[in-house]
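*Asks:* The file below is my_file-v4.csv, CSV, C-alpha atoms:
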chain,number,residue,atom,x,y,z
A,1,MET,CA,105.3,111.7,73.6
A,2,THR,CA,108.9,112.9,74.0
A,3,LEU,CA,109.7,115.3,76.7
A,4,PRO,CA,111.2,118.7,75.8
A,5,ALA,CA,115.0,118.6,76.2
A,6,ASP,CA,115.0,121.4,78.7
A,7,THR,CA,112.4,119.7,80.9
A,8,LEU,CA,114.3,116.4,80.9
A,9,ALA,CA,117.5,118.3,81.7
A,10,GLU,CA,115.8,120.1,84.6
A,11,TRP,CA,114.4,116.8,86.0
A,12,LYS,CA,117.8,115.1,85.7
A,13,GLY,CA,119.4,118.0,87.6
A,14,LEU,CA,116.7,117.7,90.3
A,15,THR,CA,117.3,114.0,90.8
A,16,ARG,CA,121.0,114.5,91.1
A,17,SER,CA,120.6,117.3,93.7
A,18,PHE,CA,118.0,115.3,95.6
A,19,ARG,CA,120.3,112.2,95.7
A,20,GLU,CA,123.1,114.4,97.0
A,21,GLU,CA,120.7,115.9,99.6
A,22,ILE,CA,119.6,112.5,100.8
A,23,ILE,CA,123.2,111.4,101.4
A,24,ARG,CA,123.9,114.6,103.3
A,25,MET,CA,120.7,114.3,105.4
A,26,LEU,CA,121.6,110.8,106.4
A,27,GLU,CA,125.2,111.7,107.1
A,28,ASP,CA,124.1,114.5,109.4
A,29,ALA,CA,121.5,112.3,111.1
A,30,GLY,CA,123.9,109.4,111.6
A,31,SER,CA,121.0,107.0,110.8
A,32,GLY,CA,118.4,106.3,108.2
A,33,HIS,CA,117.7,104.4,105.0
A,34,PRO,CA,119.6,105.4,101.9
A,35,GLY,CA,119.0,102.4,99.6
A,36,GLY,CA,115.2,102.7,99.1
A,37,SER,CA,115.3,106.5,99.2
A,38,LEU,CA,117.7,106.5,96.2
A,39,SER,CA,115.6,104.0,94.3
A,40,ALA,CA,112.4,106.0,94.7
A,41,ILE,CA,113.6,109.5,94.1
A,42,ASP,CA,113.3,109.5,90.3
A,43,PHE,CA,109.6,108.6,90.5
A,44,LEU,CA,108.8,111.1,93.2
A,45,THR,CA,110.6,113.8,91.2
A,46,VAL,CA,108.4,113.3,88.1
A,47,LEU,CA,105.2,112.9,90.2
A,48,TYR,CA,105.7,116.2,92.0
A,49,PHE,CA,107.5,118.3,89.4
A,50,GLY,CA,105.8,116.8,86.3
A,51,GLY,CA,102.3,118.1,87.1
A,52,HIS,CA,100.9,114.6,87.9
A,53,ILE,CA,99.8,115.3,91.4
A,54,ARG,CA,97.5,118.1,92.3
A,55,VAL,CA,98.9,119.8,95.4
A,56,ASP,CA,99.3,123.4,96.5
A,57,PRO,CA,102.1,124.5,98.9
A,58,GLY,CA,100.0,127.5,99.9
A,59,ARG,CA,97.1,125.2,100.9
A,60,PRO,CA,98.5,121.8,101.9
A,61,ASP,CA,95.2,120.7,103.4
A,62,HIS,CA,92.8,121.9,100.7
A,63,ALA,CA,90.0,119.4,100.3
A,64,ASP,CA,90.5,118.8,96.6
A,65,ARG,CA,94.2,117.9,96.8
A,66,ASP,CA,95.5,114.6,95.5
A,67,ARG,CA,96.7,112.2,98.2
A,68,PHE,CA,100.1,110.4,98.3
A,69,ILE,CA,100.8,107.6,100.8
A,70,LEU,CA,104.4,106.6,101.2
A,71,SER,CA,103.8,103.1,102.6
A,72,LYS,CA,107.5,102.3,102.6
A,73,GLY,CA,107.9,105.0,105.2
A,74,HIS,CA,111.5,104.4,106.0
A,75,CYS,CA,112.3,106.0,102.6
A,76,VAL,CA,110.8,109.3,103.6
A,77,PRO,CA,114.0,111.3,103.1
A,78,ALA,CA,113.3,111.2,99.4
A,79,LEU,CA,109.8,112.5,100.0
A,80,TYR,CA,111.1,115.3,102.3
A,81,CYS,CA,113.5,116.4,99.6
A,82,VAL,CA,110.7,116.7,97.0
A,83,LEU,CA,108.2,118.4,99.4
A,84,ALA,CA,110.8,121.0,100.5
A,85,HIS,CA,111.8,121.9,97.0
A,86,ARG,CA,108.1,122.2,96.0
A,87,GLY,CA,107.8,124.8,98.8
A,88,PHE,CA,105.9,122.9,101.5
A,89,PHE,CA,108.5,123.7,104.1
A,90,PRO,CA,111.9,125.4,104.2
A,91,LYS,CA,114.7,123.6,102.4
A,92,GLU,CA,117.0,124.4,105.3
A,93,GLU,CA,114.9,122.2,107.5
A,94,LEU,CA,116.1,119.1,105.6
A,95,ARG,CA,119.2,118.9,107.6
A,96,THR,CA,117.2,118.4,110.8
A,97,LEU,CA,116.2,114.9,109.8
A,98,ARG,CA,115.9,112.6,112.8
A,99,LYS,CA,117.1,115.3,115.2
A,100,PHE,CA,115.3,115.8,118.5
A,101,GLY,CA,112.3,118.1,118.1
A,102,SER,CA,112.4,118.0,114.3
A,103,ARG,CA,109.3,117.7,112.2
A,104,LEU,CA,111.3,115.4,109.9
A,105,GLN,CA,111.0,112.2,111.7
A,106,GLY,CA,112.6,109.0,110.5
A,107,HIS,CA,109.2,107.8,109.3
A,108,PRO,CA,106.4,110.0,108.1
A,109,ASP,CA,104.4,111.7,110.9
A,110,ARG,CA,101.2,113.3,109.7
A,111,ARG,CA,100.8,115.3,112.9
A,112,ARG,CA,103.9,117.2,112.3
A,113,LEU,CA,104.3,118.1,108.6
A,114,PRO,CA,102.0,119.5,105.9
A,115,LEU,CA,101.0,117.0,103.2
A,116,ILE,CA,102.0,113.9,105.0
A,117,GLU,CA,98.7,112.0,104.6
A,118,ALA,CA,99.5,109.0,106.8
A,119,SER,CA,102.0,108.0,109.5
A,120,THR,CA,103.6,104.9,107.9
A,121,GLY,CA,106.6,102.6,108.5
A,122,SER,CA,104.8,99.6,109.8
A,123,LEU,CA,105.1,97.9,106.5
A,124,GLY,CA,102.1,96.6,104.6
A,125,GLN,CA,99.5,99.1,105.7
A,126,GLY,CA,99.7,101.9,103.2
A,127,LEU,CA,97.7,100.3,100.3
A,128,SER,CA,94.8,99.6,102.7
A,129,ILE,CA,94.9,103.3,103.8
A,130,ALA,CA,94.9,104.3,100.1
A,131,VAL,CA,92.0,102.1,99.2
A,132,GLY,CA,90.0,103.6,102.1
A,133,LEU,CA,90.8,107.2,100.9
A,134,ALA,CA,90.0,106.3,97.3
A,135,LEU,CA,86.7,104.7,98.3
A,136,ALA,CA,85.8,107.8,100.4
A,137,ALA,CA,86.5,110.0,97.4
A,138,LYS,CA,84.2,107.9,95.3
A,139,MET,CA,81.4,108.1,97.9
A,140,ASP,CA,81.8,111.8,98.0
A,141,LYS,CA,81.9,112.1,94.2
A,142,ALA,CA,85.2,114.0,94.7
A,143,SER,CA,87.7,114.4,91.8
A,144,TRP,CA,90.9,113.9,93.7
A,145,GLN,CA,93.3,111.0,93.1
A,146,VAL,CA,95.2,108.7,95.5
A,147,PHE,CA,98.8,107.5,94.9
A,148,CYS,CA,100.4,104.9,97.1
A,149,MET,CA,104.0,103.7,96.9
A,150,THR,CA,105.1,100.4,98.4
A,151,GLY,CA,108.4,98.5,98.3
A,152,ASP,CA,108.7,95.1,96.8
A,153,GLY,CA,109.8,93.4,100.0
A,154,GLU,CA,106.9,95.1,101.7
A,155,ILE,CA,104.3,93.4,99.5
A,156,GLN,CA,105.1,90.1,101.0
A,157,GLU,CA,102.7,91.2,103.7
A,158,GLY,CA,99.3,89.6,103.4
A,159,GLN,CA,97.4,92.7,104.2
A,160,VAL,CA,98.6,94.2,100.9
A,161,TRP,CA,96.9,91.5,98.9
A,162,GLU,CA,93.6,92.0,100.8
A,163,ALA,CA,93.7,95.6,99.7
A,164,ALA,CA,94.7,94.6,96.2
A,165,MET,CA,91.7,92.3,96.0
A,166,SER,CA,89.2,95.0,97.3
A,167,ALA,CA,90.2,97.9,95.0
A,168,PRO,CA,88.9,96.3,91.8
A,169,LYS,CA,85.7,95.3,93.5
A,170,TYR,CA,84.9,99.0,94.1
A,171,LYS,CA,86.3,100.1,90.6
A,172,LEU,CA,88.7,102.5,92.2
A,173,ASP,CA,90.1,104.1,89.1
A,174,ASN,CA,91.1,107.1,91.2
A,175,LEU,CA,93.8,104.9,92.8
A,176,THR,CA,97.4,104.4,91.5
A,177,TRP,CA,99.6,101.8,93.3
A,178,ILE,CA,103.3,102.3,92.7
A,179,ILE,CA,105.6,99.4,93.5
A,180,ASP,CA,109.3,100.2,93.9
A,181,CYS,CA,110.8,96.9,92.8
A,182,ASN,CA,114.4,97.7,93.9
A,183,GLN,CA,115.3,94.0,94.4
A,184,VAL,CA,116.6,94.2,97.9
A,185,GLN,CA,115.1,94.1,101.4
A,186,GLN,CA,116.5,94.3,104.9
A,187,GLU,CA,117.8,90.7,105.0
A,188,GLY,CA,118.8,90.1,101.4
A,189,LEU,CA,117.7,89.9,97.9
A,190,THR,CA,113.9,90.0,97.6
A,191,LYS,CA,113.8,86.9,95.3
A,192,GLY,CA,115.8,85.0,97.9
A,193,GLN,CA,113.5,85.9,100.8
A,194,MET,CA,110.1,85.5,99.1
A,195,ASP,CA,110.1,85.6,95.3
A,196,LEU,CA,107.3,87.8,94.0
A,197,GLU,CA,107.5,86.9,90.4
A,198,PRO,CA,105.6,86.8,88.1
A,199,LEU,CA,104.5,90.0,89.8
A,200,ARG,CA,102.8,91.8,86.9
A,201,ALA,CA,100.8,88.7,86.1
A,202,LYS,CA,99.7,88.4,89.8
A,203,ILE,CA,98.5,92.0,90.0
A,204,GLU,CA,96.8,91.7,86.6
A,205,ALA,CA,95.0,88.6,87.9
A,206,PHE,CA,93.5,90.8,90.6
A,207,ASN,CA,92.0,93.0,87.8
A,208,TRP,CA,94.3,95.9,88.1
A,209,LYS,CA,95.5,97.8,85.0
A,210,VAL,CA,99.3,97.3,85.2
A,211,GLN,CA,102.3,99.1,83.6
A,212,GLU,CA,105.8,97.9,84.0
A,213,ILE,CA,108.7,100.4,83.4
A,214,ASP,CA,112.3,101.3,84.1
A,215,GLY,CA,111.8,103.2,87.3
A,216,HIS,CA,114.9,105.4,86.6
A,217,ASP,CA,113.8,106.4,83.1
A,218,LEU,CA,112.2,109.9,83.7
A,219,GLU,CA,110.4,109.9,80.4
A,220,ALA,CA,109.0,106.5,81.0
A,221,ILE,CA,107.7,107.5,84.4
A,222,ASP,CA,106.1,110.6,82.9
A,223,ARG,CA,104.3,108.5,80.2
A,224,ALA,CA,103.2,105.9,82.7
A,225,LEU,CA,101.6,108.5,85.0
A,226,THR,CA,99.9,110.2,82.1
A,227,ALA,CA,98.5,106.8,80.9
A,228,ALA,CA,97.4,105.8,84.4
A,229,ARG,CA,95.3,108.9,84.9
A,230,ALA,CA,93.4,108.1,81.7
A,231,VAL,CA,92.3,104.6,82.8
A,232,GLN,CA,88.7,104.3,83.8
A,233,GLY,CA,86.9,101.5,85.6
A,234,SER,CA,89.8,99.8,87.4
A,235,PRO,CA,92.6,100.7,89.7
A,236,LYS,CA,96.1,101.2,88.2
A,237,ALA,CA,99.5,99.9,89.2
A,238,ILE,CA,102.9,100.9,88.0
A,239,LEU,CA,105.8,98.5,88.6
A,240,LEU,CA,109.0,100.4,88.8
A,241,ARG,CA,112.0,98.2,88.0
A,242,THR,CA,114.7,100.0,90.0
A,243,VAL,CA,118.1,99.5,91.7
A,244,LYS,CA,118.3,99.9,95.4
A,245,GLY,CA,121.0,102.6,96.2
A,246,LYS,CA,120.8,103.9,92.6
A,247,GLY,CA,123.5,106.4,91.7
A,248,VAL,CA,126.1,105.3,94.3
A,249,SER,CA,128.1,102.3,93.1
A,250,PHE,CA,129.0,100.9,96.6
A,251,MET,CA,125.4,101.1,97.7
A,252,GLU,CA,123.7,99.6,94.7
A,253,LEU,CA,121.9,96.3,95.4
A,254,GLN,CA,123.8,96.0,98.7
A,255,THR,CA,121.7,94.7,101.6
A,256,ALA,CA,124.0,96.6,104.1
A,257,TRP,CA,122.8,99.9,102.8
A,258,HIS,CA,119.1,99.2,103.5
A,259,GLY,CA,119.3,101.1,106.8
A,260,LYS,CA,122.8,102.4,107.3
A,261,ALA,CA,123.9,106.0,107.2
A,262,PRO,CA,127.1,106.9,105.4
A,263,ASN,CA,130.0,108.3,107.5
A,264,LYS,CA,131.8,111.5,106.3
A,265,ASP,CA,134.2,109.7,103.9
A,266,GLU,CA,131.4,107.5,102.5
A,267,ALA,CA,129.2,110.5,102.0
A,268,GLU,CA,131.9,112.4,100.2
A,269,ARG,CA,132.5,109.5,97.9
A,270,ALA,CA,128.8,109.1,97.2
A,271,VAL,CA,128.3,112.8,96.4
A,272,ARG,CA,131.2,112.7,94.0
A,273,GLU,CA,129.7,109.8,92.1
A,274,ILE,CA,126.3,111.4,92.0
A,275,SER,CA,127.6,114.7,90.8
A,276,ARG,CA,129.3,113.0,87.9
A,277,GLY,CA,125.9,111.6,86.9
I need this file expressed as C-alpha cells, please.
*Replies:*
Amino acid sequence: MTLPADTLAEWKGLTRSFREEIIRMLEDAGSGHPGGSLSAIDFLTVLYFGGHIRVDPGRPDHADRDRFILSKGHCVPALYCVLAHRGFFPKEELRTLRKFGSRLQGHPDRRRLPLIEASTGSLGQGLSIAVGLALAAKMDKASWQVFCMTGDGEIQEGQVWEAAMSAPKYKLDNLTWIIDCNQVQQEGLTKGQMDLEPLRAKIEAFNWKVQEIDGHDLEAIDRALTAARAVQGSPKAILLRTVKGKGVSFMELQTAWHGKAPNKDEAERAVREISRG
C-alpha cells in the first residue's frame, strides 16, 4: 500500500529535523554516538509516528502499552528525539544530553525517563530482556507487543543467539526484533570484524519470520511493520539495511564517527547537508 504523499512528506521532514537535532545534541554534549543514531532514526520515526507502537504520552506507564527496547543503547539520542517530539518530555530538554543532572543519559536509564523500558548499553542483552517481556505478556494473556532494536555488530554476542533460539520455542508472535545492519562497528567494518552473513538465512533457520528491507525507505519500513504485526505463531525479525552516519557524507560508513561528537564547524557542515536532504 502506497503512503499518502502528505504523510510521506511529513515523515521525511521529521527525519531531517531529527538528524539535525541529533547533531546539535552531540555538539552541545561534546560526546556521544552519531553514526548509529543517524542510521536508526528513519525506523524509529515510522515506528512512533506511523501508529505502529501503542504508547500514550499522557500515561507512559499504562499496563497495556507496547514495549520498545533499544538494545544498542549508545544510539539513544535518536530515541530521545522521537520521544520528545511525541510529547513524552519537553523538546527543550534534548539539549541537556549527557549534562550533569540530566535525565538524558548517554545510555538509556529507565529510572530517570518515562517510556525507557530497560537500561541498556552493555551490548547483547536487549533481546533477552525483550524475550522475557514477550513471554510475560503471553503468560498474562496481555495484548501488548514488544519491539527490540539491536545493532549488527552487537549480535556477534553469543547471548543474542540464545535469546533468538528461545523466542520461537515459546511462539512469541508478540515480539519483533529489528536489526540495524549499518555495516560498521567500533573497530571497523562489521564484515571484517566478524562477518554475519548470510544473516537472513541464519535467523530464518532459528524459525523466525524475517523481512529484509532498505532501512532508510520510509514506505518500506511502514509496510514491514504492518506485515510483522499480522504474523501469528512465530517471532518476527526486520533486517534494516542501513548506512552508518546516514545523511552526513563525511560520517557515512566511517568508523571514526561511531562514538565521536562533531565540533562546531563539523556540526554546521553536517546540518547544511542534512537540510539539503
*Asks:* Need the axis-aligned box for stretch 216-222 of chain A with 8 Å each side, so what are the centre and edges in Å to one decimal, as AutoDock Vina command-line options?
*Replies:*
--center_x 110.5 --center_y 108.0 --center_z 83.5 --size_x 24.8 --size_y 21.2 --size_z 22.2
*Asks:* Quick check, in Å to one decimal: how far apart do atom CA of A:Ala228 and atom CA of A:Gly13 lie?
*Replies:* 25.4 Å
*Asks:* Have a look at atom CA of A:Asp140 and atom CA of A:His62 and let me know their distance in Å, one decimal.
*Replies:* 15.2 Å
*Asks:* Using all atoms listed in the file, find the one residue out of A:Val248, A:Arg86, A:Ala9, A:Leu47 that sits nearest to A:Ala267.
*Replies:* A:Val248
*Asks:* Kindly indicate which residue among A:Gly101, A:Ala63, A:Gly215, A:His258 lies nearest to A:Asp180, using all atoms listed in the file for the distances.
*Replies:* A:Gly215
*Asks:* Given only C-alpha atoms as the basis, pick out the residue of A:Gln193, A:Gln156, A:Ser234, A:Thr150 nearest to A:Tyr170.
*Replies:*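 Closest to A:Tyr170, using only C-alpha atoms: A:Ser234.
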*Asks:* Quick one: distance from atom CA of A:Arg19 to atom CA of A:Gln125 in Å, one decimal?
*Replies:*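 Separating atom CA of A:Arg19 from atom CA of A:Gln125 is a distance of 26.5 Å.
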*Asks:* Given all atoms listed in the file as the basis, pick out the residue of A:Gln145, A:Asn263, A:Thr2, A:Ser17 nearest to A:Arg54.
*Replies:*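 Among the listed residues, A:Gln145 lies closest to A:Arg54.
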*Asks:* If we draw a sphere of 12 Å around (133.2, 109.8, 99.0), which residues have at least one atom in it when counting only C-alpha atoms? Please report them as an MDAnalysis selection string.
*Replies:* chainID A and resid 20 23:24 27 248:251 262:275
*Asks:* For A:Gly259, list every protein, DNA or RNA residue within 10 Å, evaluated using only C-alpha atoms, and leave out those in the same chain fewer than 5 positions away; present the list as a ChimeraX atom specification.
*Replies:* /A:26,31-36,74-75,185-186
*Asks:* Measuring between all atoms listed in the file, which one of A:Thr120, A:Asn207, A:Ser39, A:Gln232 shows the shortest distance to A:Lys169?
*Replies:* A:Asn207
